[in-house]
Amino acid sequence: MARRKEVVVSALQFACSDDVATNVDTAERLVRSAHEKGANIILIQELFEGYYFCQAQKEDFFQRAKPYKDHPTILRMQKLAKELGVVIPVSFFEEANNAHYNSIAIIDADGTDLGIYRKSHIPDGPGYQEKFYFNPGDTGFKVFQTKFAKIGVAICWDQWFPEAARAMVLQGAELLFYPTAIGSEPQDEGLDSREHWKRVMQGHAGANLVPLIASNRIGKEVIETEHGKSSITFYGNSFIAGPTGEIITVANDKEEAILVAEFDLDQIKSKRHSWGIFRDRRPDLYKVLLTLDGSNPSL
């Protein structure tokens with residue numbers, strides 16, 4: 001009889017206010033609802049404690065950062081995870097002495113903090129000026145052995161890089177999680193990246209034969225910048241993809257959502273091994289990936 005390693009995953013989606021207490025209360029309410037639906041691992045969106053402040057370059061916004069140790073939201077989510085017996089990745093703005101990171105702490109089902117991942121790829125463009133606030137992450141891509149599965153967690157802009165997904169799956173990740181904050185482009189009202197955004201991550205799921213869970217926020221957020229007001233309308237569309245990249249469930253662009261899906265990880269593992277994509281890899285030919293311009297280092 002075939003083994004079954006079943007896990008239920010969830011992606012949350014909600015609009016943020018700019019009040020930490022309100023947002024953390026909302027996150028807890030939705031985590032509890034996801035647990036009631038049977039979820040074992042529950043993903044909250046990126047930087048959910050407040051507005052996505054990276055629309056502006058303002059010194060004052062550094063005051064939103066807190067040290068990892070004894071971070072109040074992480075401590076609260078540890079208590080919640082232990083009470084409910086669920087895994088919760090917790091996104092936060094980290095202050096580490098004179099460095100700052102876009103980080104995520106992985107809380108296991110007994111409330112244990114398994115460690116953090118710091119966002120590796122830092123964007124810098126109109127409305128998404130993260131390089132002003134965040135140092136490039138120094139943790140490298142990691143996987144975390146939780147009660148229910150070995151998971152890989154990366155953050156927002158990381159999701160556009162196939163190397164990140166592959167690095168996590170090579171380390172044994174059975175599920176990929178991407179908390180996100182993405183929406184309209186202030187410099188181009190006609191640019192809507194939502195379908196591109198989904199397809200890229202569907203490709204990660206299909207190329208690695210692992211399910212993928214993405215959580216994004218909704219709502220319009222207006223930030224006072226050095227050049228006047230800037231606004232982003234976040235397009236939600238949080239989703240869960242299966243191991244061939246198929247969309248299992250997806251939220252819309254306006255409503256709060258709790259997405260839930262169940263996977264048999266042993267069955268997926270057998271399919272991944274039989275498909276041969278890891279057997280037939282040729283790392284000896286991938287040295288070009290180590291160059292900045294795509295040149296062949298052997299020539």
# chains A, B, ... in the order shown; residues from 1 in each chain; ligands from 1
>>> residues_around(residues="Thr244 of chain A", least_positions_apart="3", cutoff="8 Å", atoms="only C-alpha atoms", output="list of chain:residue names")
A:Gln202, A:Ala205, A:Gly206, A:Ala207, A:Leu209, A:Val210, A:Pro211, A:Ala241
>>> write_last_selection(atoms="N, CA and C atoms", output="PDB file, in the first residue's frame")
ATOM      1  N   GLN A 202       3.780  29.657 -11.546  1.00  0.00           N
ATOM      2  CA  GLN A 202       3.269  28.372 -12.025  1.00  0.00           C
ATOM      3  C   GLN A 202       4.394  27.592 -12.699  1.00  0.00           C
ATOM      4  N   ALA A 205       6.546  25.915 -10.076  1.00  0.00           N
ATOM      5  CA  ALA A 205       5.903  24.702  -9.572  1.00  0.00           C
ATOM      6  C   ALA A 205       6.072  23.563 -10.578  1.00  0.00           C
ATOM      7  N   GLY A 206       5.776  23.844 -11.838  1.00  0.00           N
ATOM      8  CA  GLY A 206       5.851  22.802 -12.856  1.00  0.00           C
ATOM      9  C   GLY A 206       7.261  22.338 -13.135  1.00  0.00           C
ATOM     10  N   ALA A 207       8.221  23.257 -13.146  1.00  0.00           N
ATOM     11  CA  ALA A 207       9.609  22.899 -13.460  1.00  0.00           C
ATOM     12  C   ALA A 207      10.249  22.073 -12.355  1.00  0.00           C
ATOM     13  N   LEU A 209       8.186  20.319  -9.995  1.00  0.00           N
ATOM     14  CA  LEU A 209       7.175  19.361  -9.545  1.00  0.00           C
ATOM     15  C   LEU A 209       6.938  19.450  -8.041  1.00  0.00           C
ATOM     16  N   VAL A 210       6.657  20.667  -7.581  1.00  0.00           N
ATOM     17  CA  VAL A 210       6.259  20.904  -6.193  1.00  0.00           C
ATOM     18  C   VAL A 210       5.095  21.900  -6.173  1.00  0.00           C
ATOM     19  N   PRO A 211       4.178  21.768  -5.233  1.00  0.00           N
ATOM     20  CA  PRO A 211       3.138  22.779  -5.086  1.00  0.00           C
ATOM     21  C   PRO A 211       3.742  24.117  -4.656  1.00  0.00           C
ATOM     22  N   ALA A 241      -0.838  26.644  -6.474  1.00  0.00           N
ATOM     23  CA  ALA A 241      -0.612  25.864  -7.690  1.00  0.00           C
ATOM     24  C   ALA A 241      -0.183  24.452  -7.320  1.00  0.00           C
TER      25      ALA A 241
END
>>> residues_around(residues="Ile107 of chain A", least_positions_apart="3", cutoff="7 Å", atoms="only C-alpha atoms", output="list in words")
Gln78, Ala81, Val87, Ile88, Pro89, Gly111, Thr112, Asp113 and Leu114 of chain A
>>> closest_atom_pairs(of="segment 156-275 of chain A", to="segment 43-64 of chain A", cutoff="10 Å", atoms="only C-alpha atoms", output="Markdown table")
| residue | atom | partner | partner_atom | distance |
| --- | --- | --- | --- | --- |
| A:Cys156 | CA | A:Glu46 | CA | 7.4 |
| A:Phe177 | CA | A:Leu43 | CA | 7.3 |
| A:Tyr178 | CA | A:Leu43 | CA | 8.1 |
| A:Pro179 | CA | A:Gln45 | CA | 4.5 |
| A:Thr180 | CA | A:Glu46 | CA | 4.7 |
| A:Ala181 | CA | A:Glu46 | CA | 5.7 |
| A:Ile182 | CA | A:Tyr52 | CA | 9.3 |
| A:Pro186 | CA | A:Gln55 | CA | 9.0 |
| A:Ile213 | CA | A:Leu43 | CA | 7.7 |
| A:Ala214 | CA | A:Leu43 | CA | 7.8 |
| A:Ser215 | CA | A:Gln45 | CA | 4.9 |
| A:Asn216 | CA | A:Gln45 | CA | 5.2 |
| A:Arg217 | CA | A:Gln45 | CA | 6.2 |
| A:Ile218 | CA | A:Gln45 | CA | 9.9 |
| A:Lys220 | CA | A:Tyr51 | CA | 9.6 |
| A:Glu221 | CA | A:Tyr51 | CA | 6.7 |
| A:Val222 | CA | A:Tyr51 | CA | 8.6 |
| A:Ile223 | CA | A:Gln55 | CA | 6.6 |
| A:Glu224 | CA | A:Ala56 | CA | 7.1 |
| A:Thr225 | CA | A:Ala56 | CA | 4.7 |
| A:Glu226 | CA | A:Ala56 | CA | 6.9 |
| A:His227 | CA | A:Ala56 | CA | 8.8 |
| A:Gly228 | CA | A:Ala56 | CA | 9.4 |
| A:Lys229 | CA | A:Ala56 | CA | 9.0 |
| A:Ser230 | CA | A:Gln55 | CA | 6.7 |
| A:Ser231 | CA | A:Gln55 | CA | 7.7 |
| A:Ile232 | CA | A:Gln55 | CA | 8.1 |
| A:Phe234 | CA | A:Tyr52 | CA | 9.8 |
| A:Gly236 | CA | A:Gln45 | CA | 9.8 |
| A:Ser238 | CA | A:Gln45 | CA | 9.0 |
| A:Ile258 | CA | A:Leu43 | CA | 9.8 |
| A:Leu259 | CA | A:Leu43 | CA | 9.7 |
>>> write_last_selection(atoms="N, CA, C and O atoms", output="CSV table (one decimal), in the first residue's frame")
chain,number,residue,atom,x,y,z
A,156,CYS,N,8.5,37.8,-2.4
A,156,CYS,CA,8.1,38.7,-3.4
A,156,CYS,C,9.0,38.7,-4.6
A,156,CYS,O,9.0,37.8,-5.4
A,177,PHE,N,6.7,28.6,-0.8
A,177,PHE,CA,5.9,29.6,-0.3
A,177,PHE,C,6.5,31.0,-0.7
A,177,PHE,O,7.6,31.2,-0.4
A,178,TYR,N,5.6,31.9,-1.2
A,178,TYR,CA,6.0,33.2,-1.6
A,178,TYR,C,5.0,34.3,-1.0
A,178,TYR,O,4.0,34.6,-1.7
A,179,PRO,N,5.3,34.9,0.1
A,179,PRO,CA,4.5,36.1,0.5
A,179,PRO,C,4.9,37.3,-0.3
A,179,PRO,O,6.1,37.5,-0.7
A,180,THR,N,3.9,38.1,-0.6
A,180,THR,CA,4.1,39.1,-1.7
A,180,THR,C,3.3,40.4,-1.4
A,180,THR,O,2.4,40.4,-0.6
A,181,ALA,N,3.9,41.5,-2.0
A,181,ALA,CA,3.1,42.8,-2.0
A,181,ALA,C,3.3,43.3,-3.4
A,181,ALA,O,4.4,43.9,-3.7
A,182,ILE,N,2.4,43.2,-4.3
A,182,ILE,CA,2.5,43.6,-5.7
A,182,ILE,C,1.2,44.1,-6.2
A,182,ILE,O,0.1,43.5,-5.9
A,186,PRO,N,2.9,52.8,-10.4
A,186,PRO,CA,2.6,54.2,-10.4
A,186,PRO,C,3.1,54.9,-11.7
A,186,PRO,O,2.4,55.9,-12.1
A,213,ILE,N,2.6,28.1,-3.1
A,213,ILE,CA,1.6,28.9,-2.4
A,213,ILE,C,2.0,30.4,-2.4
A,213,ILE,O,3.1,30.7,-2.0
A,214,ALA,N,1.2,31.3,-3.0
A,214,ALA,CA,1.5,32.7,-3.1
A,214,ALA,C,0.4,33.5,-2.4
A,214,ALA,O,-0.8,33.3,-2.7
A,215,SER,N,0.8,34.4,-1.5
A,215,SER,CA,-0.1,35.3,-0.8
A,215,SER,C,0.2,36.7,-1.1
A,215,SER,O,1.3,37.2,-0.9
A,216,ASN,N,-0.8,37.5,-1.5
A,216,ASN,CA,-0.6,38.9,-1.9
A,216,ASN,C,-1.7,39.7,-1.2
A,216,ASN,O,-2.8,39.2,-0.8
A,217,ARG,N,-1.5,41.0,-1.0
A,217,ARG,CA,-2.5,41.9,-0.4
A,217,ARG,C,-3.4,42.5,-1.4
A,217,ARG,O,-3.2,42.4,-2.6
A,218,ILE,N,-4.5,43.1,-0.9
A,218,ILE,CA,-5.4,43.8,-1.8
A,218,ILE,C,-5.6,45.2,-1.2
A,218,ILE,O,-5.0,45.6,-0.2
A,220,LYS,N,-6.2,49.7,-2.0
A,220,LYS,CA,-5.4,50.9,-2.5
A,220,LYS,C,-4.7,51.5,-1.3
A,220,LYS,O,-5.3,51.8,-0.3
A,221,GLU,N,-3.4,51.8,-1.5
A,221,GLU,CA,-2.6,52.4,-0.4
A,221,GLU,C,-2.0,53.7,-1.0
A,221,GLU,O,-1.3,53.6,-2.0
A,222,VAL,N,-2.1,54.8,-0.3
A,222,VAL,CA,-1.6,56.0,-0.7
A,222,VAL,C,-0.5,56.4,0.3
A,222,VAL,O,-0.7,56.5,1.5
A,223,ILE,N,0.7,56.7,-0.2
A,223,ILE,CA,1.8,57.1,0.6
A,223,ILE,C,2.3,58.5,0.2
A,223,ILE,O,2.4,58.8,-1.0
A,224,GLU,N,2.6,59.4,1.2
A,224,GLU,CA,3.2,60.7,0.9
A,224,GLU,C,4.6,60.5,0.6
A,224,GLU,O,5.4,60.1,1.5
A,225,THR,N,5.1,60.8,-0.6
A,225,THR,CA,6.5,60.7,-1.0
A,225,THR,C,7.2,62.1,-1.0
A,225,THR,O,6.5,63.1,-0.8
A,226,GLU,N,8.4,62.1,-1.4
A,226,GLU,CA,9.2,63.3,-1.5
A,226,GLU,C,8.7,64.1,-2.7
A,226,GLU,O,9.1,65.3,-2.9
A,227,HIS,N,7.9,63.5,-3.6
A,227,HIS,CA,7.5,64.1,-4.8
A,227,HIS,C,5.9,64.3,-4.8
A,227,HIS,O,5.4,64.5,-5.9
A,228,GLY,N,5.3,64.1,-3.7
A,228,GLY,CA,3.9,64.1,-3.6
A,228,GLY,C,3.3,62.8,-3.3
A,228,GLY,O,4.0,61.9,-2.9
A,229,LYS,N,2.0,62.6,-3.5
A,229,LYS,CA,1.4,61.3,-3.2
A,229,LYS,C,1.6,60.3,-4.2
A,229,LYS,O,1.6,60.6,-5.4
A,230,SER,N,1.8,59.1,-3.8
A,230,SER,CA,1.9,57.9,-4.7
A,230,SER,C,0.9,56.9,-4.2
A,230,SER,O,0.7,56.7,-3.0
A,231,SER,N,0.3,56.2,-5.1
A,231,SER,CA,-0.6,55.1,-4.8
A,231,SER,C,-0.4,53.8,-5.5
A,231,SER,O,0.1,53.9,-6.7
A,232,ILE,N,-0.6,52.7,-4.9
A,232,ILE,CA,-0.6,51.4,-5.5
A,232,ILE,C,-1.9,50.7,-5.2
A,232,ILE,O,-2.3,50.7,-4.0
A,234,PHE,N,-3.2,47.2,-4.9
A,234,PHE,CA,-2.7,45.8,-4.9
A,234,PHE,C,-3.7,44.8,-5.4
A,234,PHE,O,-4.9,44.9,-5.1
A,236,GLY,N,-4.1,41.5,-5.3
A,236,GLY,CA,-4.5,40.2,-4.8
A,236,GLY,C,-4.1,39.0,-5.7
A,236,GLY,O,-2.9,38.8,-6.0
A,238,SER,N,-4.0,36.0,-4.9
A,238,SER,CA,-3.3,35.0,-4.2
A,238,SER,C,-3.7,33.6,-4.8
A,238,SER,O,-4.9,33.5,-5.2
A,258,ILE,N,-9.3,33.3,2.1
A,258,ILE,CA,-8.6,32.2,2.7
A,258,ILE,C,-8.6,31.0,1.8
A,258,ILE,O,-9.7,30.3,1.6
A,259,LEU,N,-7.5,30.8,1.1
A,259,LEU,CA,-7.4,29.7,0.1
A,259,LEU,C,-6.9,28.5,0.8
A,259,LEU,O,-6.0,28.5,1.6
>>> select_by_dssp(residues="segment 147-227 of chain A", states="strand (DSSP E)", output="ChimeraX atom specification")
/A:150-153,175-179,212-215,218-225
>>> write_last_selection(atoms="all heavy atoms", output="compact mmCIF listing (two decimals), in the first residue's frame")
# COMPACT_ATOMS: atom_id res chain seq x y z
N LYS A 150 8.90 19.68 4.66
CA LYS A 150 10.08 20.52 4.49
C LYS A 150 9.70 21.61 3.48
O LYS A 150 9.31 21.31 2.35
CB LYS A 150 11.27 19.70 3.98
CG LYS A 150 12.56 20.50 3.89
CD LYS A 150 13.74 19.62 3.47
CE LYS A 150 14.23 18.77 4.61
NZ LYS A 150 15.50 18.08 4.27
N ILE A 151 9.81 22.87 3.91
CA ILE A 151 9.31 23.95 3.07
C ILE A 151 10.42 24.93 2.70
O ILE A 151 11.36 25.15 3.45
CB ILE A 151 8.15 24.71 3.76
CG1 ILE A 151 8.63 25.45 5.02
CG2 ILE A 151 7.03 23.74 4.12
CD1 ILE A 151 7.56 26.36 5.64
N GLY A 152 10.27 25.51 1.53
CA GLY A 152 11.12 26.61 1.09
C GLY A 152 10.29 27.88 1.07
O GLY A 152 9.14 27.87 0.61
N VAL A 153 10.85 28.97 1.61
CA VAL A 153 10.13 30.23 1.67
C VAL A 153 11.03 31.33 1.11
O VAL A 153 12.15 31.54 1.58
CB VAL A 153 9.72 30.58 3.12
CG1 VAL A 153 8.88 31.85 3.14
CG2 VAL A 153 8.97 29.42 3.77
N LEU A 175 7.38 21.98 -0.62
CA LEU A 175 6.42 23.03 -0.91
C LEU A 175 7.17 24.35 -0.99
O LEU A 175 8.13 24.56 -0.25
CB LEU A 175 5.37 23.13 0.21
CG LEU A 175 4.47 21.92 0.47
CD1 LEU A 175 3.88 22.00 1.88
CD2 LEU A 175 3.37 21.83 -0.56
N LEU A 176 6.72 25.24 -1.87
CA LEU A 176 7.33 26.57 -1.99
C LEU A 176 6.30 27.63 -1.59
O LEU A 176 5.15 27.59 -2.03
CB LEU A 176 7.78 26.82 -3.42
CG LEU A 176 8.91 25.92 -3.95
CD1 LEU A 176 9.18 26.22 -5.42
CD2 LEU A 176 10.18 26.09 -3.13
N PHE A 177 6.74 28.59 -0.77
CA PHE A 177 5.87 29.65 -0.29
C PHE A 177 6.45 31.00 -0.65
O PHE A 177 7.65 31.25 -0.44
CB PHE A 177 5.71 29.55 1.24
CG PHE A 177 4.94 28.36 1.70
CD1 PHE A 177 5.57 27.13 1.85
CD2 PHE A 177 3.58 28.45 1.97
CE1 PHE A 177 4.86 26.01 2.28
CE2 PHE A 177 2.86 27.34 2.40
CZ PHE A 177 3.50 26.12 2.55
N TYR A 178 5.58 31.90 -1.16
CA TYR A 178 6.01 33.24 -1.56
C TYR A 178 5.03 34.31 -1.03
O TYR A 178 4.02 34.60 -1.67
CB TYR A 178 6.08 33.36 -3.08
CG TYR A 178 7.22 32.61 -3.73
CD1 TYR A 178 7.02 31.31 -4.20
CD2 TYR A 178 8.47 33.18 -3.87
CE1 TYR A 178 8.05 30.62 -4.82
CE2 TYR A 178 9.51 32.50 -4.47
CZ TYR A 178 9.29 31.21 -4.95
OH TYR A 178 10.31 30.52 -5.55
N PRO A 179 5.30 34.92 0.12
CA PRO A 179 4.53 36.08 0.55
C PRO A 179 4.90 37.29 -0.31
O PRO A 179 6.07 37.46 -0.68
CB PRO A 179 4.96 36.28 2.00
CG PRO A 179 6.35 35.72 2.05
CD PRO A 179 6.37 34.57 1.08
N LEU A 212 3.04 25.19 -5.00
CA LEU A 212 3.51 26.54 -4.69
C LEU A 212 2.35 27.37 -4.16
O LEU A 212 1.24 27.32 -4.71
CB LEU A 212 4.10 27.17 -5.95
CG LEU A 212 4.77 28.54 -5.80
CD1 LEU A 212 5.92 28.69 -6.81
CD2 LEU A 212 3.77 29.68 -5.98
N ILE A 213 2.62 28.12 -3.11
CA ILE A 213 1.60 28.92 -2.44
C ILE A 213 2.04 30.38 -2.43
O ILE A 213 3.14 30.70 -1.96
CB ILE A 213 1.40 28.42 -0.98
CG1 ILE A 213 0.95 26.96 -0.98
CG2 ILE A 213 0.37 29.29 -0.26
CD1 ILE A 213 2.08 25.95 -0.97
N ALA A 214 1.21 31.27 -2.97
CA ALA A 214 1.54 32.70 -3.05
C ALA A 214 0.43 33.51 -2.39
O ALA A 214 -0.75 33.32 -2.68
CB ALA A 214 1.70 33.14 -4.51
N SER A 215 0.83 34.43 -1.51
CA SER A 215 -0.11 35.28 -0.78
C SER A 215 0.20 36.73 -1.08
O SER A 215 1.33 37.20 -0.88
CB SER A 215 0.00 35.00 0.73
OG SER A 215 -0.74 35.94 1.47
N ILE A 218 -4.47 43.10 -0.93
CA ILE A 218 -5.41 43.83 -1.77
C ILE A 218 -5.55 45.25 -1.22
O ILE A 218 -5.02 45.58 -0.16
CB ILE A 218 -6.81 43.15 -1.80
CG1 ILE A 218 -7.30 42.87 -0.37
CG2 ILE A 218 -6.79 41.89 -2.63
CD1 ILE A 218 -8.73 42.40 -0.28
N GLY A 219 -6.27 46.08 -1.97
CA GLY A 219 -6.57 47.43 -1.50
C GLY A 219 -5.68 48.49 -2.09
O GLY A 219 -4.58 48.21 -2.58
N LYS A 220 -6.16 49.74 -2.04
CA LYS A 220 -5.39 50.89 -2.51
C LYS A 220 -4.69 51.54 -1.33
O LYS A 220 -5.32 51.84 -0.31
CB LYS A 220 -6.31 51.91 -3.19
CG LYS A 220 -5.58 53.12 -3.76
CD LYS A 220 -6.54 54.05 -4.49
CE LYS A 220 -5.82 55.25 -5.08
NZ LYS A 220 -6.74 56.15 -5.83
N GLU A 221 -3.39 51.75 -1.47
CA GLU A 221 -2.60 52.39 -0.41
C GLU A 221 -1.95 53.65 -0.97
O GLU A 221 -1.29 53.61 -2.02
CB GLU A 221 -1.54 51.43 0.11
CG GLU A 221 -2.12 50.18 0.76
CD GLU A 221 -1.07 49.22 1.28
OE1 GLU A 221 0.12 49.61 1.34
OE2 GLU A 221 -1.44 48.07 1.63
N VAL A 222 -2.13 54.75 -0.27
CA VAL A 222 -1.58 56.05 -0.67
C VAL A 222 -0.50 56.44 0.32
O VAL A 222 -0.73 56.47 1.54
CB VAL A 222 -2.67 57.13 -0.73
CG1 VAL A 222 -2.07 58.47 -1.13
CG2 VAL A 222 -3.78 56.72 -1.69
N ILE A 223 0.68 56.74 -0.20
CA ILE A 223 1.83 57.12 0.62
C ILE A 223 2.30 58.51 0.19
O ILE A 223 2.42 58.80 -1.01
CB ILE A 223 2.99 56.11 0.44
CG1 ILE A 223 2.59 54.72 0.95
CG2 ILE A 223 4.24 56.61 1.15
CD1 ILE A 223 2.48 54.59 2.44
N GLU A 224 2.58 59.36 1.16
CA GLU A 224 3.15 60.68 0.87
C GLU A 224 4.64 60.51 0.61
O GLU A 224 5.38 60.05 1.47
CB GLU A 224 2.94 61.62 2.05
CG GLU A 224 3.25 63.07 1.74
CD GLU A 224 2.23 63.71 0.80
OE1 GLU A 224 1.03 63.51 1.00
OE2 GLU A 224 2.68 64.41 -0.13
N THR A 225 5.09 60.84 -0.59
CA THR A 225 6.49 60.70 -0.97
C THR A 225 7.15 62.06 -1.03
O THR A 225 6.52 63.11 -0.84
CB THR A 225 6.63 60.01 -2.34
OG1 THR A 225 6.37 60.95 -3.38
CG2 THR A 225 5.69 58.83 -2.47
>>> atom_distance(atom1="atom CA of Gln187 of chain A", atom2="atom CA of Gly203 of chain A")
27.5 Å
>>> residues_around(residues="Gln267 of chain A", least_positions_apart="3", cutoff="10 Å", atoms="only C-alpha atoms", output="list in words")
Ala2, Arg3, Arg4, Lys5, Glu6, Phe263, Asp264, Ser270, Lys271 and Arg272 of chain A
>>> atom_distance(atom1="atom CA of Arg194 of chain A", atom2="atom CA of Trp157 of chain A")
13.3 Å
>>> residues_around(residues="segment 29-40 of chain A", least_positions_apart="2", cutoff="8 Å", atoms="only C-alpha atoms", output="list of chain:residue names")
A:Val7, A:Val8, A:Val9, A:Ser10, A:Leu12, A:Asp25, A:Thr26, A:Ala27, A:Ile42, A:Leu84, A:Gly85, A:Val86, A:Val87, A:Phe148, A:Ile258, A:Leu259, A:Val260
>>> select_by_dssp(residues="segment 132-265 of chain A", states="helix (DSSP H, G or I)", output="PyMOL selection string")
chain A and resi 132+156-160+162-170+194-208+265
